[in-house]
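Undergrad: My structure is in query19.txt, and what it holds is compact mmCIF, N, CA and C atoms:
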# COMPACT_ATOMS: atom_id res chain seq x y z
N MET G 27 10.72 110.06 140.34
CA MET G 27 10.82 109.46 139.04
C MET G 27 11.16 107.99 139.21
N VAL G 28 10.46 107.14 138.51
CA VAL G 28 10.67 105.70 138.60
C VAL G 28 11.83 105.32 137.70
N ALA G 29 12.77 104.54 138.20
CA ALA G 29 13.89 104.10 137.39
C ALA G 29 13.40 103.13 136.32
N GLU G 30 13.93 103.30 135.15
CA GLU G 30 13.55 102.44 134.02
C GLU G 30 14.49 101.25 133.98
N SER G 31 13.96 100.05 133.82
CA SER G 31 14.82 98.88 133.72
C SER G 31 15.53 98.89 132.38
N ARG G 32 16.61 98.15 132.28
CA ARG G 32 17.39 98.12 131.03
C ARG G 32 16.58 97.57 129.86
N SER G 33 15.61 96.71 130.12
CA SER G 33 14.86 96.13 129.01
C SER G 33 13.74 97.06 128.52
N GLU G 34 13.25 97.95 129.37
CA GLU G 34 12.20 98.87 128.95
C GLU G 34 12.80 99.92 128.02
N GLY G 35 12.12 100.23 126.93
CA GLY G 35 12.59 101.26 126.02
C GLY G 35 13.65 100.76 125.06
N ALA G 36 14.12 99.53 125.24
CA ALA G 36 15.11 99.00 124.32
C ALA G 36 14.44 98.68 122.99
N ALA G 37 15.19 98.84 121.92
CA ALA G 37 14.65 98.64 120.58
C ALA G 37 14.55 97.16 120.24
N ALA G 38 13.61 96.86 119.37
CA ALA G 38 13.46 95.51 118.87
C ALA G 38 14.45 95.31 117.72
N GLY G 39 14.88 94.08 117.53
CA GLY G 39 15.81 93.79 116.44
C GLY G 39 17.24 93.77 116.93
N GLY G 40 18.16 93.57 116.00
CA GLY G 40 19.57 93.51 116.34
C GLY G 40 20.20 94.88 116.45
N PRO G 41 21.51 94.92 116.68
CA PRO G 41 22.22 96.18 116.84
C PRO G 41 22.03 97.17 115.68
N GLN G 42 22.05 96.69 114.45
CA GLN G 42 21.86 97.60 113.32
C GLN G 42 20.47 98.22 113.36
N ALA G 43 19.46 97.45 113.71
CA ALA G 43 18.09 97.98 113.81
C ALA G 43 18.00 99.04 114.91
N VAL G 44 18.73 98.85 116.01
CA VAL G 44 18.74 99.84 117.09
C VAL G 44 19.28 101.17 116.57
N VAL G 45 20.40 101.13 115.87
CA VAL G 45 21.01 102.35 115.33
C VAL G 45 20.08 102.99 114.29
N GLU G 46 19.47 102.19 113.44
CA GLU G 46 18.53 102.73 112.45
C GLU G 46 17.33 103.38 113.12
N GLN G 47 16.83 102.77 114.20
CA GLN G 47 15.71 103.37 114.94
C GLN G 47 16.14 104.67 115.63
N PHE G 48 17.37 104.71 116.11
CA PHE G 48 17.91 105.92 116.73
C PHE G 48 17.90 107.07 115.72
N PHE G 49 18.40 106.81 114.52
CA PHE G 49 18.44 107.87 113.51
C PHE G 49 17.05 108.22 112.99
N ALA G 50 16.15 107.26 112.95
CA ALA G 50 14.76 107.56 112.55
C ALA G 50 14.15 108.55 113.53
N ALA G 51 14.39 108.37 114.81
CA ALA G 51 13.88 109.30 115.83
C ALA G 51 14.53 110.67 115.68
N CYS G 52 15.83 110.71 115.42
CA CYS G 52 16.53 111.98 115.25
C CYS G 52 16.00 112.74 114.03
N ARG G 53 15.72 112.02 112.94
CA ARG G 53 15.17 112.67 111.74
C ARG G 53 13.87 113.40 112.05
N GLU G 54 13.10 112.84 112.96
CA GLU G 54 11.82 113.45 113.34
C GLU G 54 11.99 114.47 114.47
N LEU G 55 13.26 114.73 114.83
CA LEU G 55 13.59 115.62 115.96
C LEU G 55 12.91 115.16 117.24
N ASP G 56 12.72 113.83 117.35
CA ASP G 56 12.12 113.22 118.53
C ASP G 56 13.26 112.67 119.40
N PHE G 57 13.94 113.58 120.08
CA PHE G 57 15.11 113.19 120.85
C PHE G 57 14.74 112.40 122.10
N GLU G 58 13.52 112.52 122.57
CA GLU G 58 13.07 111.70 123.70
C GLU G 58 13.05 110.22 123.29
N ARG G 59 12.53 109.94 122.10
CA ARG G 59 12.50 108.57 121.60
C ARG G 59 13.92 108.08 121.31
N ALA G 60 14.77 108.96 120.78
CA ALA G 60 16.16 108.59 120.53
C ALA G 60 16.87 108.24 121.84
N LEU G 61 16.63 109.04 122.86
CA LEU G 61 17.27 108.80 124.15
C LEU G 61 16.83 107.49 124.80
N ALA G 62 15.65 107.01 124.47
CA ALA G 62 15.19 105.72 125.01
C ALA G 62 16.08 104.57 124.53
N LEU G 63 16.85 104.81 123.46
CA LEU G 63 17.75 103.79 122.92
C LEU G 63 19.18 103.92 123.44
N ILE G 64 19.40 104.91 124.29
CA ILE G 64 20.72 105.16 124.86
C ILE G 64 20.78 104.56 126.26
N ASP G 65 21.83 103.81 126.54
CA ASP G 65 22.04 103.23 127.85
C ASP G 65 22.38 104.33 128.86
N ASP G 66 22.01 104.14 130.11
CA ASP G 66 22.27 105.12 131.15
C ASP G 66 23.76 105.45 131.28
N ASP G 67 24.63 104.48 130.99
CA ASP G 67 26.07 104.67 131.12
C ASP G 67 26.78 104.86 129.79
N CYS G 68 26.04 105.21 128.76
CA CYS G 68 26.60 105.39 127.42
C CYS G 68 27.69 106.46 127.43
N VAL G 69 28.69 106.25 126.60
CA VAL G 69 29.74 107.25 126.38
C VAL G 69 29.64 107.70 124.92
N TYR G 70 29.47 109.01 124.72
CA TYR G 70 29.36 109.61 123.38
C TYR G 70 30.59 110.48 123.14
N GLU G 71 31.39 110.08 122.16
CA GLU G 71 32.56 110.86 121.78
C GLU G 71 32.27 111.56 120.46
N ASN G 72 32.24 112.87 120.51
CA ASN G 72 32.00 113.68 119.32
C ASN G 72 33.36 114.22 118.89
N VAL G 73 34.11 113.37 118.19
CA VAL G 73 35.48 113.70 117.79
C VAL G 73 35.38 114.70 116.64
N PRO G 74 35.95 115.85 116.73
CA PRO G 74 37.06 116.28 117.54
C PRO G 74 36.67 117.11 118.76
N PHE G 75 35.44 117.06 119.19
CA PHE G 75 35.00 117.88 120.32
C PHE G 75 35.18 117.17 121.64
N HIS G 76 34.12 116.98 122.36
CA HIS G 76 34.17 116.50 123.73
C HIS G 76 33.65 115.07 123.83
N THR G 77 33.76 114.54 125.03
CA THR G 77 33.19 113.24 125.35
C THR G 77 32.11 113.46 126.40
N ALA G 78 30.92 112.95 126.11
CA ALA G 78 29.79 113.03 127.05
C ALA G 78 29.65 111.66 127.71
N ARG G 79 29.71 111.64 129.02
CA ARG G 79 29.60 110.38 129.76
C ARG G 79 28.27 110.33 130.49
N GLY G 80 27.47 109.34 130.13
CA GLY G 80 26.18 109.14 130.78
C GLY G 80 25.03 109.75 130.01
N LYS G 81 23.89 109.10 130.16
CA LYS G 81 22.69 109.50 129.43
C LYS G 81 22.26 110.93 129.75
N ALA G 82 22.41 111.36 131.00
CA ALA G 82 22.00 112.72 131.38
C ALA G 82 22.80 113.76 130.61
N ARG G 83 24.11 113.56 130.46
CA ARG G 83 24.94 114.50 129.72
C ARG G 83 24.61 114.45 128.22
N ILE G 84 24.36 113.26 127.69
CA ILE G 84 23.99 113.13 126.28
C ILE G 84 22.66 113.82 126.04
N GLU G 85 21.73 113.66 126.98
CA GLU G 85 20.43 114.33 126.87
C GLU G 85 20.61 115.85 126.83
N ARG G 86 21.50 116.35 127.65
CA ARG G 86 21.77 117.80 127.63
C ARG G 86 22.33 118.23 126.28
N ASP G 87 23.28 117.47 125.75
CA ASP G 87 23.89 117.80 124.45
C ASP G 87 22.86 117.75 123.33
N LEU G 88 22.03 116.70 123.31
CA LEU G 88 21.00 116.60 122.28
C LEU G 88 19.96 117.71 122.42
N GLY G 89 19.67 118.11 123.66
CA GLY G 89 18.73 119.21 123.89
C GLY G 89 19.24 120.52 123.32
N LEU G 90 20.53 120.78 123.50
CA LEU G 90 21.14 121.99 122.93
C LEU G 90 21.06 121.94 121.41
N MET G 91 21.34 120.78 120.84
CA MET G 91 21.27 120.63 119.39
C MET G 91 19.84 120.82 118.91
N ALA G 92 18.89 120.25 119.62
CA ALA G 92 17.48 120.34 119.21
C ALA G 92 17.00 121.79 119.17
N ARG G 93 17.47 122.61 120.10
CA ARG G 93 17.05 124.01 120.11
C ARG G 93 17.59 124.78 118.91
N ALA G 94 18.74 124.37 118.39
CA ALA G 94 19.35 125.07 117.25
C ALA G 94 18.83 124.58 115.91
N LEU G 95 18.24 123.38 115.87
CA LEU G 95 17.86 122.77 114.60
C LEU G 95 16.38 122.96 114.26
N THR G 96 16.14 123.13 112.98
CA THR G 96 14.77 123.07 112.45
C THR G 96 14.61 121.83 111.58
N SER G 97 15.74 121.25 111.17
CA SER G 97 15.69 120.01 110.40
C SER G 97 16.96 119.21 110.63
N PHE G 98 16.82 117.90 110.56
CA PHE G 98 17.95 116.99 110.71
C PHE G 98 17.65 115.78 109.85
N GLU G 99 18.41 115.63 108.80
CA GLU G 99 18.26 114.48 107.91
C GLU G 99 19.55 113.67 107.94
N VAL G 100 19.40 112.38 107.83
CA VAL G 100 20.56 111.50 107.80
C VAL G 100 20.55 110.76 106.47
N GLU G 101 21.60 110.97 105.71
CA GLU G 101 21.79 110.23 104.47
C GLU G 101 22.76 109.10 104.79
N MET G 102 22.24 107.89 104.91
CA MET G 102 23.07 106.75 105.27
C MET G 102 23.75 106.24 104.00
N VAL G 103 25.04 106.46 103.88
CA VAL G 103 25.81 106.04 102.71
C VAL G 103 26.09 104.55 102.82
N ASN G 104 26.60 104.13 103.96
CA ASN G 104 26.88 102.71 104.24
C ASN G 104 26.64 102.45 105.71
N ILE G 105 26.19 101.24 105.99
CA ILE G 105 26.02 100.79 107.37
C ILE G 105 26.44 99.32 107.42
N ALA G 106 27.20 98.97 108.44
CA ALA G 106 27.67 97.59 108.58
C ALA G 106 27.66 97.21 110.05
N ALA G 107 27.32 95.96 110.30
CA ALA G 107 27.28 95.48 111.68
C ALA G 107 28.06 94.18 111.80
N SER G 108 28.76 94.05 112.91
CA SER G 108 29.46 92.82 113.24
C SER G 108 29.30 92.64 114.74
N GLY G 109 28.54 91.62 115.12
CA GLY G 109 28.25 91.44 116.54
C GLY G 109 27.48 92.65 117.04
N GLY G 110 27.93 93.24 118.11
CA GLY G 110 27.26 94.40 118.69
C GLY G 110 27.77 95.74 118.18
N VAL G 111 28.68 95.72 117.20
CA VAL G 111 29.27 96.95 116.68
C VAL G 111 28.61 97.31 115.36
N VAL G 112 28.21 98.58 115.25
CA VAL G 112 27.59 99.09 114.02
C VAL G 112 28.40 100.28 113.55
N LEU G 113 28.85 100.24 112.30
CA LEU G 113 29.60 101.34 111.71
C LEU G 113 28.72 102.04 110.68
N THR G 114 28.74 103.36 110.71
CA THR G 114 27.95 104.14 109.76
C THR G 114 28.84 105.13 109.02
N GLU G 115 28.67 105.17 107.72
CA GLU G 115 29.21 106.24 106.90
C GLU G 115 27.99 107.02 106.47
N ARG G 116 27.93 108.30 106.82
CA ARG G 116 26.71 109.04 106.56
C ARG G 116 26.99 110.52 106.33
N VAL G 117 25.97 111.20 105.86
CA VAL G 117 26.01 112.65 105.74
C VAL G 117 24.85 113.17 106.57
N ASP G 118 25.17 113.94 107.60
CA ASP G 118 24.14 114.56 108.43
C ASP G 118 23.82 115.93 107.83
N HIS G 119 22.57 116.12 107.45
CA HIS G 119 22.11 117.39 106.89
C HIS G 119 21.42 118.16 108.02
N LEU G 120 22.07 119.22 108.47
CA LEU G 120 21.58 120.01 109.60
C LEU G 120 21.03 121.33 109.08
N GLY G 121 19.87 121.71 109.59
CA GLY G 121 19.30 123.00 109.22
C GLY G 121 18.83 123.74 110.44
N GLY G 122 19.07 125.03 110.43
CA GLY G 122 18.61 125.91 111.50
C GLY G 122 18.07 127.19 110.90
N ARG G 123 17.68 128.10 111.75
CA ARG G 123 17.12 129.36 111.27
C ARG G 123 18.10 130.10 110.37
N LEU G 124 19.38 130.06 110.70
CA LEU G 124 20.37 130.83 109.96
C LEU G 124 21.39 130.00 109.19
N PHE G 125 21.25 128.68 109.21
CA PHE G 125 22.27 127.87 108.55
C PHE G 125 21.69 126.59 107.98
N LYS G 126 22.45 126.02 107.08
CA LYS G 126 22.15 124.70 106.53
C LYS G 126 23.49 124.10 106.14
N ALA G 127 23.75 122.87 106.55
CA ALA G 127 25.04 122.26 106.26
C ALA G 127 24.89 120.76 106.11
N ALA G 128 25.71 120.19 105.24
CA ALA G 128 25.80 118.74 105.06
C ALA G 128 27.17 118.33 105.59
N ILE G 129 27.17 117.48 106.61
CA ILE G 129 28.42 117.10 107.27
C ILE G 129 28.68 115.61 107.06
N PRO G 130 29.68 115.27 106.24
CA PRO G 130 30.03 113.86 106.07
C PRO G 130 30.77 113.37 107.33
N LEU G 131 30.39 112.18 107.79
CA LEU G 131 31.05 111.66 108.98
C LEU G 131 30.97 110.15 109.04
N MET G 132 31.78 109.62 109.93
CA MET G 132 31.78 108.19 110.24
C MET G 132 31.36 108.04 111.69
N GLY G 133 30.54 107.02 111.93
CA GLY G 133 30.09 106.76 113.29
C GLY G 133 30.36 105.31 113.67
N ALA G 134 30.62 105.10 114.94
CA ALA G 134 30.79 103.75 115.48
C ALA G 134 29.91 103.63 116.72
N PHE G 135 29.09 102.60 116.74
CA PHE G 135 28.15 102.37 117.84
C PHE G 135 28.38 100.98 118.40
N VAL G 136 28.29 100.87 119.71
CA VAL G 136 28.27 99.56 120.36
C VAL G 136 26.90 99.44 120.99
N VAL G 137 26.22 98.33 120.67
CA VAL G 137 24.87 98.09 121.17
C VAL G 137 24.89 96.82 122.01
N GLU G 138 24.39 96.95 123.24
CA GLU G 138 24.29 95.81 124.15
C GLU G 138 22.88 95.78 124.73
N GLN G 139 22.26 94.62 124.69
CA GLN G 139 20.90 94.43 125.23
C GLN G 139 19.92 95.47 124.71
N GLY G 140 20.03 95.78 123.41
CA GLY G 140 19.08 96.67 122.77
C GLY G 140 19.28 98.15 123.02
N ARG G 141 20.41 98.51 123.60
CA ARG G 141 20.70 99.94 123.87
C ARG G 141 22.11 100.29 123.42
N ILE G 142 22.27 101.55 123.02
CA ILE G 142 23.57 102.05 122.60
C ILE G 142 24.39 102.35 123.86
N THR G 143 25.54 101.67 123.98
CA THR G 143 26.40 101.87 125.15
C THR G 143 27.63 102.72 124.82
N GLN G 144 27.99 102.77 123.54
CA GLN G 144 29.09 103.62 123.08
C GLN G 144 28.70 104.21 121.73
N TRP G 145 29.05 105.48 121.53
CA TRP G 145 28.73 106.17 120.28
C TRP G 145 29.86 107.14 120.00
N ARG G 146 30.52 106.94 118.86
CA ARG G 146 31.59 107.84 118.45
C ARG G 146 31.30 108.34 117.04
N ASP G 147 31.38 109.65 116.86
CA ASP G 147 31.26 110.26 115.54
C ASP G 147 32.57 110.96 115.22
N TYR G 148 33.07 110.72 114.00
CA TYR G 148 34.32 111.33 113.54
C TYR G 148 34.02 112.16 112.31
N PHE G 149 34.47 113.42 112.31
CA PHE G 149 34.29 114.26 111.13
C PHE G 149 35.38 115.31 111.07
N ASP G 150 35.52 115.92 109.90
CA ASP G 150 36.51 116.96 109.69
C ASP G 150 35.92 118.30 110.12
N TRP G 151 36.36 118.79 111.26
CA TRP G 151 35.83 120.01 111.86
C TRP G 151 35.99 121.21 110.93
N SER G 152 37.17 121.41 110.38
CA SER G 152 37.41 122.62 109.58
C SER G 152 36.56 122.62 108.32
N ALA G 153 36.45 121.50 107.64
CA ALA G 153 35.63 121.44 106.43
C ALA G 153 34.15 121.64 106.77
N SER G 154 33.70 121.05 107.87
CA SER G 154 32.29 121.16 108.27
C SER G 154 31.93 122.59 108.66
N MET G 155 32.81 123.25 109.40
CA MET G 155 32.53 124.63 109.80
C MET G 155 32.58 125.56 108.60
N GLY G 156 33.45 125.25 107.63
CA GLY G 156 33.48 126.04 106.40
C GLY G 156 32.16 125.94 105.66
N ARG G 157 31.61 124.73 105.59
CA ARG G 157 30.30 124.54 104.93
C ARG G 157 29.20 125.29 105.68
N MET G 158 29.23 125.18 107.03
CA MET G 158 28.19 125.82 107.82
C MET G 158 28.31 127.35 107.72
N GLY G 159 29.53 127.87 107.78
CA GLY G 159 29.73 129.31 107.65
C GLY G 159 29.28 129.81 106.29
N ALA G 160 29.59 129.07 105.25
CA ALA G 160 29.16 129.46 103.90
C ALA G 160 27.65 129.46 103.81
N SER G 161 26.99 128.53 104.51
CA SER G 161 25.52 128.47 104.44
C SER G 161 24.88 129.68 105.09
N VAL G 162 25.51 130.22 106.13
CA VAL G 162 24.97 131.41 106.79
C VAL G 162 25.00 132.59 105.83
N VAL G 163 26.11 132.72 105.09
CA VAL G 163 26.24 133.83 104.16
C VAL G 163 25.30 133.66 102.96
N THR G 164 25.28 132.47 102.37
CA THR G 164 24.50 132.28 101.14
C THR G 164 23.00 132.15 101.40
N LYS G 165 22.59 131.78 102.61
CA LYS G 165 21.17 131.61 102.89
C LYS G 165 20.39 132.90 102.62
N TRP G 166 21.00 134.03 102.89
CA TRP G 166 20.32 135.31 102.71
C TRP G 166 20.18 135.71 101.25
N PHE G 167 20.94 135.08 100.34
CA PHE G 167 20.95 135.49 98.95
C PHE G 167 20.29 134.47 98.02
N ARG G 168 19.58 133.52 98.57
CA ARG G 168 18.89 132.51 97.75
C ARG G 168 17.51 132.94 97.41
Spell out the structure here as structure tokens.
TA:
Amino acid sequence: MVAESRSEGAAAGGPQAVVEQFFAACRELDFERALALIDDDCVYENVPFHTARGKARIERDLGLMARALTSFEVEMVNIAASGGVVLTERVDHLGGRLFKAAIPLMGAFVVEQGRITQWRDYFDWSASMGRMGASVVTKWFR
């Protein structure tokens, strides 16, 4: 496998455009395109869960998510950028064979040279799992 240079696969535009392109790829469940915007040494903190260090681990995590999902929509409530930092207030709408959930969360991204080098998502685990659990039960009765 040929190593990809840092400039190849990097998104055009500023840091906010990089994050918007990342979510556009995720909406299409095109995680390969999304991963092209992730730096090899990126750190992804999925608070309150785990921290994934490096693109290979993030790729594994996104792959697991992709297998469970049939739809992924991002409702961007607010987005703000200052320098290389992009903050997102959003609702991630996740759908799978047995569930559907809307998860409100806050995200923080650091973008350097057109790639995401840090990504942190913060959300309320108990409220989100309650929504997801309720969707499993109610999906059968709609």
Undergrad: Choose the residue, out of G:Ala92, G:Val136, G:Leu120, G:Met102, that has the smallest atom-to-atom separation from G:Glu46; count only C-alpha atoms.
TA: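 Looking at the shortest contact to G:Glu46, the residue is G:Met102.
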Undergrad: Restricting the calculation to only C-alpha atoms: of G:Cys52, G:Val69, G:Ala62, G:Ala128, which residue gets closest to G:Arg83?
TA: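 Checking each candidate against G:Arg83, we get G:Val69 as the closest.
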Undergrad: Please determine, counting all atoms listed in the file, which residue among G:Val112, G:Asp150, G:Leu63, G:Glu85 has the shortest atom-to-atom distance to G:Ile129.
TA: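 Once distances to G:Ile129 are computed over all atoms listed in the file, the minimum belongs to G:Asp150.
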Undergrad: What is the atom C of G:Gln42-atom N of G:Lys126 distance in Å, reported with one decimal?
TA: 28.6 Å
Undergrad: Excluding G:Val73 and its own-chain neighbours fewer than 5 positions away, which residues fall within 6 Å of it when counting only N, CA and C atoms? Please give them as a ChimeraX atom specification.
TA: /G:146-149
Undergrad: Please, what distance in Å, to one decimal, runs between atom CA of G:Val44 and atom CA of G:Asp66?
TA: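 Atom-to-atom, atom CA of G:Val44 to atom CA of G:Asp66, that is 15.4 Å.
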Undergrad: One decimal, in Å: what's the spacing between atom CA of G:Ile105 and atom CA of G:Ala82?
TA: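 Spanning atom CA of G:Ile105 to atom CA of G:Ala82 is a straight-line distance of 27.1 Å.
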Undergrad: Around stretch 117-126 of chain G, fit a box with edges along x, y and z, padding it by 6 Å on each side, then list its centre and edge lengths in Å to one decimal as AutoDock Vina command-line options.
TA:
--center_x 21.6 --center_y 121.0 --center_z 108.7 --size_x 20.9 --size_y 31.6 --size_z 18.0
Undergrad: With distances taken over only C-alpha atoms, which residue among G:Phe135, G:Phe75, G:Phe98, G:Phe48 lies nearest G:Gly122?
TA: G:Phe98
Undergrad: May I have all residues of stretch 61-113 of chain G that DSSP, computed from the backbone, assigns to helix (DSSP H, G or I), given as a list in words?
TA: Leu61, Lys81, Ala82, Arg83, Ile84, Glu85, Arg86, Asp87, Leu88, Gly89, Leu90, Met91, Ala92, Arg93 and Ala94 of chain G
Undergrad: What does the file look like for those residues with N, CA and C atoms, as a short mmCIF file (atom, residue, chain, number, x, y, z; two decimals), in the coordinates of the input?
TA:
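Dumped to part23.cif:
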data_model
loop_
_atom_site.label_atom_id
_atom_site.label_comp_id
_atom_site.auth_asym_id
_atom_site.auth_seq_id
_atom_site.Cartn_x
_atom_site.Cartn_y
_atom_site.Cartn_z
N LEU G 61 16.63 109.04 122.86
CA LEU G 61 17.27 108.80 124.15
C LEU G 61 16.83 107.49 124.80
N LYS G 81 23.89 109.10 130.16
CA LYS G 81 22.69 109.50 129.43
C LYS G 81 22.26 110.93 129.75
N ALA G 82 22.41 111.36 131.00
CA ALA G 82 22.00 112.72 131.38
C ALA G 82 22.80 113.76 130.61
N ARG G 83 24.11 113.56 130.46
CA ARG G 83 24.94 114.50 129.72
C ARG G 83 24.61 114.45 128.22
N ILE G 84 24.36 113.26 127.69
CA ILE G 84 23.99 113.13 126.28
C ILE G 84 22.66 113.82 126.04
N GLU G 85 21.73 113.66 126.98
CA GLU G 85 20.43 114.33 126.87
C GLU G 85 20.61 115.85 126.83
N ARG G 86 21.50 116.35 127.65
CA ARG G 86 21.77 117.80 127.63
C ARG G 86 22.33 118.23 126.28
N ASP G 87 23.28 117.47 125.75
CA ASP G 87 23.89 117.80 124.45
C ASP G 87 22.86 117.75 123.33
N LEU G 88 22.03 116.70 123.31
CA LEU G 88 21.00 116.60 122.28
C LEU G 88 19.96 117.71 122.42
N GLY G 89 19.67 118.11 123.66
CA GLY G 89 18.73 119.21 123.89
C GLY G 89 19.24 120.52 123.32
N LEU G 90 20.53 120.78 123.50
CA LEU G 90 21.14 121.99 122.93
C LEU G 90 21.06 121.94 121.41
N MET G 91 21.34 120.78 120.84
CA MET G 91 21.27 120.63 119.39
C MET G 91 19.84 120.82 118.91
N ALA G 92 18.89 120.25 119.62
CA ALA G 92 17.48 120.34 119.21
C ALA G 92 17.00 121.79 119.17
N ARG G 93 17.47 122.61 120.10
CA ARG G 93 17.05 124.01 120.11
C ARG G 93 17.59 124.78 118.91
N ALA G 94 18.74 124.37 118.39
CA ALA G 94 19.35 125.07 117.25
C ALA G 94 18.83 124.58 115.91
#
Undergrad: Counting all atoms listed in the file, figure out which residue out of G:Val100, G:Leu55, G:Leu131, G:Ile84 gets nearest to G:His119.
TA: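 The closest residue to G:His119 is G:Val100.
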Undergrad: Given all atoms listed in the file as the basis, pick out the residue of G:Cys68, G:Leu90, G:His76, G:Gly40 nearest to G:Gly109.
TA: G:Gly40
Undergrad: If you run DSSP on the backbone, which residues of stretch 83-160 of chain G are strand (DSSP E), as a VMD selection string?
TA: chain G and resid 97 to 108 111 to 121 126 to 138 141 to 148
Undergrad: Is it possible to produce a file of stretch 125-137 of chain G from this structure, with N, CA and C atoms, as an mmCIF file, in the first residue's frame?
TA:
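See out.cif below for the written result:
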data_model
loop_
_atom_site.group_PDB
_atom_site.id
_atom_site.type_symbol
_atom_site.label_atom_id
_atom_site.label_comp_id
_atom_site.auth_asym_id
_atom_site.auth_seq_id
_atom_site.Cartn_x
_atom_site.Cartn_y
_atom_site.Cartn_z
ATOM 1 N N PHE G 125 -33.702 0.070 15.228
ATOM 2 C CA PHE G 125 -33.769 1.269 16.062
ATOM 3 C C PHE G 125 -33.731 2.536 15.220
ATOM 4 N N LYS G 126 -34.150 3.604 15.857
ATOM 5 C CA LYS G 126 -34.049 4.940 15.289
ATOM 6 C C LYS G 126 -33.927 5.882 16.472
ATOM 7 N N ALA G 127 -32.951 6.781 16.445
ATOM 8 C CA ALA G 127 -32.747 7.681 17.575
ATOM 9 C C ALA G 127 -32.192 9.007 17.094
ATOM 10 N N ALA G 128 -32.579 10.066 17.793
ATOM 11 C CA ALA G 128 -32.040 11.403 17.569
ATOM 12 C C ALA G 128 -31.199 11.742 18.799
ATOM 13 N N ILE G 129 -29.917 11.971 18.583
ATOM 14 C CA ILE G 129 -28.995 12.198 19.697
ATOM 15 C C ILE G 129 -28.437 13.618 19.626
ATOM 16 N N PRO G 130 -28.862 14.488 20.544
ATOM 17 C CA PRO G 130 -28.296 15.841 20.581
ATOM 18 C C PRO G 130 -26.876 15.780 21.152
ATOM 19 N N LEU G 131 -25.965 16.499 20.510
ATOM 20 C CA LEU G 131 -24.590 16.486 21.008
ATOM 21 C C LEU G 131 -23.831 17.727 20.589
ATOM 22 N N MET G 132 -22.700 17.890 21.240
ATOM 23 C CA MET G 132 -21.765 18.960 20.920
ATOM 24 C C MET G 132 -20.482 18.306 20.432
ATOM 25 N N GLY G 133 -19.896 18.901 19.402
ATOM 26 C CA GLY G 133 -18.647 18.385 18.870
ATOM 27 C C GLY G 133 -17.602 19.484 18.796
ATOM 28 N N ALA G 134 -16.358 19.092 18.969
ATOM 29 C CA ALA G 134 -15.228 20.011 18.823
ATOM 30 C C ALA G 134 -14.209 19.343 17.908
ATOM 31 N N PHE G 135 -13.810 20.063 16.877
ATOM 32 C CA PHE G 135 -12.866 19.551 15.888
ATOM 33 C C PHE G 135 -11.687 20.504 15.786
ATOM 34 N N VAL G 136 -10.506 19.942 15.638
ATOM 35 C CA VAL G 136 -9.322 20.739 15.314
ATOM 36 C C VAL G 136 -8.902 20.292 13.926
ATOM 37 N N VAL G 137 -8.744 21.272 13.032
ATOM 38 C CA VAL G 137 -8.374 20.989 11.646
ATOM 39 C C VAL G 137 -7.033 21.660 11.366
#
